[in-house]
file coords_10.tsv (TSV, C-alpha atoms)
chain	number	residue	atom	x	y	z
A	27	MET	CA	298.91	-121.36	6.52
A	28	CYS	CA	301.52	-120.98	9.24
A	29	ALA	CA	300.40	-117.36	9.56
A	30	GLY	CA	297.19	-118.52	11.25
A	31	ALA	CA	299.18	-120.54	13.76
A	32	PHE	CA	301.23	-117.45	14.54
A	33	TYR	CA	298.17	-115.23	14.80
A	34	PHE	CA	295.65	-117.22	16.90
A	35	ASN	CA	295.60	-118.70	20.39
A	36	LEU	CA	295.29	-122.43	21.06
A	37	ARG	CA	291.50	-122.69	21.30
A	38	THR	CA	291.01	-120.68	18.10
A	39	ARG	CA	293.60	-122.79	16.26
A	40	SER	CA	291.67	-125.85	17.43
A	41	LEU	CA	288.42	-124.44	16.02
A	42	ASN	CA	290.18	-123.57	12.75
A	43	ASN	CA	291.59	-127.09	12.53
A	44	LEU	CA	288.15	-128.62	13.11
A	45	ALA	CA	286.64	-126.39	10.42
A	46	PHE	CA	289.54	-127.10	8.01
A	47	HIS	CA	289.01	-130.84	8.24
A	48	SER	CA	285.20	-130.72	8.43
A	49	ILE	CA	284.84	-128.89	5.14
A	50	GLN	CA	286.91	-131.63	3.52
A	51	ILE	CA	283.93	-133.92	4.08
A	52	PHE	CA	281.58	-131.74	2.03
A	53	MET	CA	283.81	-130.37	-0.71
A	54	PRO	CA	284.19	-133.69	-2.57
A	55	TRP	CA	280.39	-133.74	-2.98
A	56	VAL	CA	280.64	-130.43	-4.83
A	57	MET	CA	283.38	-131.82	-7.04
A	58	VAL	CA	281.39	-135.00	-7.72
A	59	PHE	CA	278.50	-132.83	-8.84
A	60	ILE	CA	280.79	-130.96	-11.23
A	61	LEU	CA	282.96	-133.84	-12.49
A	62	ASP	CA	280.38	-136.65	-12.62
A	63	ASN	CA	277.30	-134.72	-13.63
A	64	ARG	CA	275.44	-136.92	-16.15
A	65	GLN	CA	273.54	-133.93	-17.52
A	66	VAL	CA	276.78	-132.76	-19.13
A	67	LYS	CA	277.51	-135.47	-21.69
A	68	SER	CA	281.08	-134.49	-22.56
A	69	ARG	CA	283.70	-135.78	-20.15
A	70	LYS	CA	286.09	-133.16	-21.48
A	71	THR	CA	283.65	-130.33	-20.63
A	72	ARG	CA	283.16	-131.68	-17.11
A	73	GLY	CA	286.94	-131.89	-16.67
A	74	PHE	CA	287.45	-128.31	-17.84
A	75	ALA	CA	284.65	-127.13	-15.54
A	76	GLY	CA	286.20	-128.90	-12.54
A	77	VAL	CA	289.69	-127.57	-13.24
A	78	ALA	CA	288.34	-124.05	-13.83
A	79	PHE	CA	286.36	-124.18	-10.59
A	80	ILE	CA	289.28	-125.32	-8.45
A	81	ALA	CA	291.62	-122.86	-10.17
A	82	ALA	CA	289.27	-119.94	-9.49
A	83	VAL	CA	288.82	-120.91	-5.84
A	84	SER	CA	292.58	-121.46	-5.39
A	85	LEU	CA	293.57	-118.16	-6.96
A	86	GLY	CA	290.88	-116.31	-5.02
A	87	ALA	CA	291.94	-117.85	-1.71
A	88	SER	CA	295.61	-117.13	-2.36
A	89	ALA	CA	294.83	-113.53	-3.29
A	90	GLY	CA	292.71	-113.25	-0.14
A	91	LEU	CA	295.56	-114.63	1.96
A	92	TYR	CA	297.99	-112.16	0.41
A	93	ALA	CA	295.62	-109.29	1.21
A	94	TRP	CA	295.13	-110.59	4.77
A	95	LEU	CA	298.89	-110.84	5.28
A	96	ASP	CA	299.36	-107.33	3.91
A	97	ILE	CA	296.62	-105.82	6.08
A	98	ASN	CA	297.68	-107.56	9.31
A	99	HIS	CA	301.48	-107.21	8.81
A	100	ILE	CA	302.06	-110.74	10.05
A	101	GLY	CA	305.56	-110.95	8.56
A	102	SER	CA	306.80	-108.09	10.74
A	103	LEU	CA	305.50	-109.44	14.06
A	104	LYS	CA	308.10	-110.70	16.52
A	105	LYS	CA	305.78	-112.52	18.92
A	106	PRO	CA	302.51	-114.42	18.39
A	107	GLN	CA	299.33	-112.35	18.58
A	108	ALA	CA	297.14	-114.97	20.34
A	109	LYS	CA	293.89	-113.63	18.86
A	110	ASP	CA	290.72	-115.41	19.93
A	111	TRP	CA	287.54	-116.30	18.04
A	112	THR	CA	285.77	-113.59	20.02
A	113	ASP	CA	288.03	-110.89	18.50
A	114	PRO	CA	286.71	-108.95	15.49
A	115	GLU	CA	289.75	-109.94	13.38
A	116	PHE	CA	288.81	-113.63	13.53
A	117	GLY	CA	286.41	-113.79	10.57
A	118	GLY	CA	288.78	-113.09	7.69
A	119	MET	CA	291.34	-115.74	8.52
A	120	PHE	CA	288.64	-118.23	9.47
A	121	ALA	CA	287.10	-117.84	5.99
A	122	LEU	CA	290.55	-118.42	4.51
A	123	PHE	CA	290.99	-121.56	6.61
A	124	LEU	CA	287.69	-122.87	5.25
A	125	LEU	CA	288.68	-122.07	1.67
A	126	PHE	CA	292.07	-123.74	1.98
A	127	GLY	CA	290.49	-126.81	3.57
A	128	ALA	CA	288.05	-127.00	0.67
A	129	ILE	CA	290.89	-126.56	-1.80
A	130	TYR	CA	292.96	-129.30	-0.17
A	131	ALA	CA	290.24	-131.90	-0.70
A	132	ALA	CA	288.91	-130.63	-4.03
A	133	TYR	CA	292.33	-130.20	-5.64
A	134	GLN	CA	293.35	-133.78	-4.95
A	135	MET	CA	290.03	-135.11	-6.17
A	136	THR	CA	290.14	-133.04	-9.35
A	137	ILE	CA	293.71	-134.05	-10.20
A	138	GLU	CA	292.98	-137.72	-9.59
A	139	TRP	CA	289.85	-137.46	-11.79
A	140	VAL	CA	291.88	-135.85	-14.59
A	141	VAL	CA	294.67	-138.42	-14.24
A	142	SER	CA	292.15	-141.26	-14.40
A	143	ALA	CA	290.81	-139.81	-17.65
A	144	LEU	CA	294.24	-140.00	-19.30
A	145	THR	CA	294.33	-143.77	-19.82
A	146	ASN	CA	292.59	-147.02	-18.99
A	147	ASP	CA	295.85	-148.95	-18.50
A	148	PRO	CA	296.13	-149.80	-14.77
A	149	SER	CA	299.95	-149.76	-14.73
A	150	LYS	CA	300.05	-146.32	-16.38
A	151	LEU	CA	297.43	-145.05	-13.92
A	152	ALA	CA	299.54	-146.34	-11.03
A	153	GLN	CA	302.56	-144.48	-12.39
A	154	PHE	CA	300.58	-141.27	-12.88
A	155	GLY	CA	299.12	-141.58	-9.38
A	156	GLY	CA	302.60	-142.09	-7.92
A	157	VAL	CA	303.92	-139.01	-9.68
A	158	PHE	CA	300.99	-136.97	-8.39
A	159	LYS	CA	301.37	-138.10	-4.79
A	160	GLY	CA	305.15	-137.64	-5.01
A	161	THR	CA	304.88	-134.05	-6.23
A	162	LEU	CA	302.19	-133.33	-3.62
A	163	SER	CA	304.52	-134.65	-0.89
A	164	LEU	CA	307.42	-132.63	-2.32
A	165	GLY	CA	305.34	-129.46	-2.08
A	166	ILE	CA	304.48	-130.17	1.55
A	167	CYS	CA	308.13	-130.90	2.27
A	168	LEU	CA	309.18	-127.58	0.70
A	169	SER	CA	306.67	-125.70	2.83
A	170	PHE	CA	308.21	-127.16	6.00
A	171	VAL	CA	311.72	-126.31	4.77
A	172	MET	CA	310.70	-122.72	4.04
A	173	ALA	CA	309.09	-122.39	7.47
A	174	ALA	CA	312.24	-123.77	9.12
A	175	GLN	CA	314.35	-121.27	7.17
A	176	ASN	CA	312.13	-118.40	8.39
A	177	VAL	CA	311.04	-117.42	4.88
A	178	PRO	CA	308.46	-114.64	5.26
A	179	PHE	CA	304.83	-115.70	4.85
A	180	VAL	CA	304.47	-113.57	1.71
A	181	GLY	CA	307.52	-115.37	0.25
A	182	GLN	CA	305.97	-118.73	1.04
A	183	LEU	CA	302.73	-117.64	-0.59
A	184	SER	CA	304.55	-116.38	-3.69
A	185	LEU	CA	305.83	-119.92	-4.28
A	186	GLN	CA	302.20	-121.03	-4.71
A	187	PHE	CA	301.77	-118.57	-7.56
A	188	SER	CA	304.91	-119.68	-9.40
call {"tool": "encode", "arguments": {"input": "coords_10.tsv", "output": "structure tokens"}}
result
Amino acid sequence: MCAGAFYFNLRTRSLNNLAFHSIQIFMPWVMVFILDNRQVKSRKTRGFAGVAFIAAVSLGASAGLYAWLDINHIGSLKKPQAKDWTDPEFGGMFALFLLFGAIYAAYQMTIEWVVSALTNDPSKLAQFGGVFKGTLSLGICLSFVMAAQNVPFVGQLSLQFS
């Protein structure tokens, strides 16, 4: 989401950051409702529903980000735009910030729920959890490397789809 940092001024980035982290408080409640709903007896069905939900939201948000990048031509800009929350262009990217904040919390919760369903052996669960956190950290590391190498935003986004 470096495109938002390139596009907005400081006070709007601060608002986006507050919204990004605030929605992470509420999104796990949604995932708890889906993954731990006692009305659905099958744990497998709840797991599939949770994974399908987070996959749909993730793909939708990524497609929305691609469309936003295409419409606003962010990759071809040479200097930051410094748009404010009072500008009419604010709403689209703000909605994307909210979606990606929700995804960040819900994705981790869903993966950890699925991993915990794989086994009841604590040492195996610790290994699975370590692999998950390691791959998550590797992905974050790669995003910083791509940003440092000036990979276009569309190129960075395409890595999410692969």
call {"tool": "atom_distance", "arguments": {"input": "coords_10.tsv", "atom1": "atom CA of A:Arg69", "atom2": "atom CA of A:His47"}}
result
29.3 Å
call {"tool": "atom_distance", "arguments": {"input": "coords_10.tsv", "atom1": "atom CA of A:Gln175", "atom2": "atom CA of A:Leu36"}}
result
23.6 Å
call {"tool": "closest_residue", "arguments": {"input": "coords_10.tsv", "among": "A:Phe179, A:Phe123, A:Phe158, A:Phe116", "to": "A:Asn35", "atoms": "all atoms listed in the file"}}
result
A:Phe116
call {"tool": "atom_distance", "arguments": {"input": "coords_10.tsv", "atom1": "atom CA of A:Thr38", "atom2": "atom CA of A:Leu164"}}
result
28.8 Å
call {"tool": "closest_residue", "arguments": {"input": "coords_10.tsv", "among": "A:Val180, A:Ala45, A:Leu162, A:Leu168", "to": "A:Tyr133", "atoms": "only C-alpha atoms"}}
result
A:Leu162
call {"tool": "closest_residue", "arguments": {"input": "coords_10.tsv", "among": "A:Phe34, A:Pro178, A:Phe74, A:Ser48", "to": "A:Asp110", "atoms": "only C-alpha atoms"}}
result
A:Phe34
call {"tool": "residues_around", "arguments": {"input": "coords_10.tsv", "residues": "stretch 152-157 of chain A", "least_positions_apart": "4", "cutoff": "7 Å", "atoms": "only C-alpha atoms", "output": "tab-separated table (two decimals) with C-alpha atoms, in the coordinates of the input"}}
result
chain	number	residue	atom	x	y	z
A	141	VAL	CA	294.67	-138.42	-14.24
A	148	PRO	CA	296.13	-149.80	-14.77
A	161	THR	CA	304.88	-134.05	-6.23
call {"tool": "closest_residue", "arguments": {"input": "coords_10.tsv", "among": "A:Leu122, A:Ala174, A:Leu41, A:Val140", "to": "A:Trp94", "atoms": "all atoms listed in the file"}}
result
A:Leu122
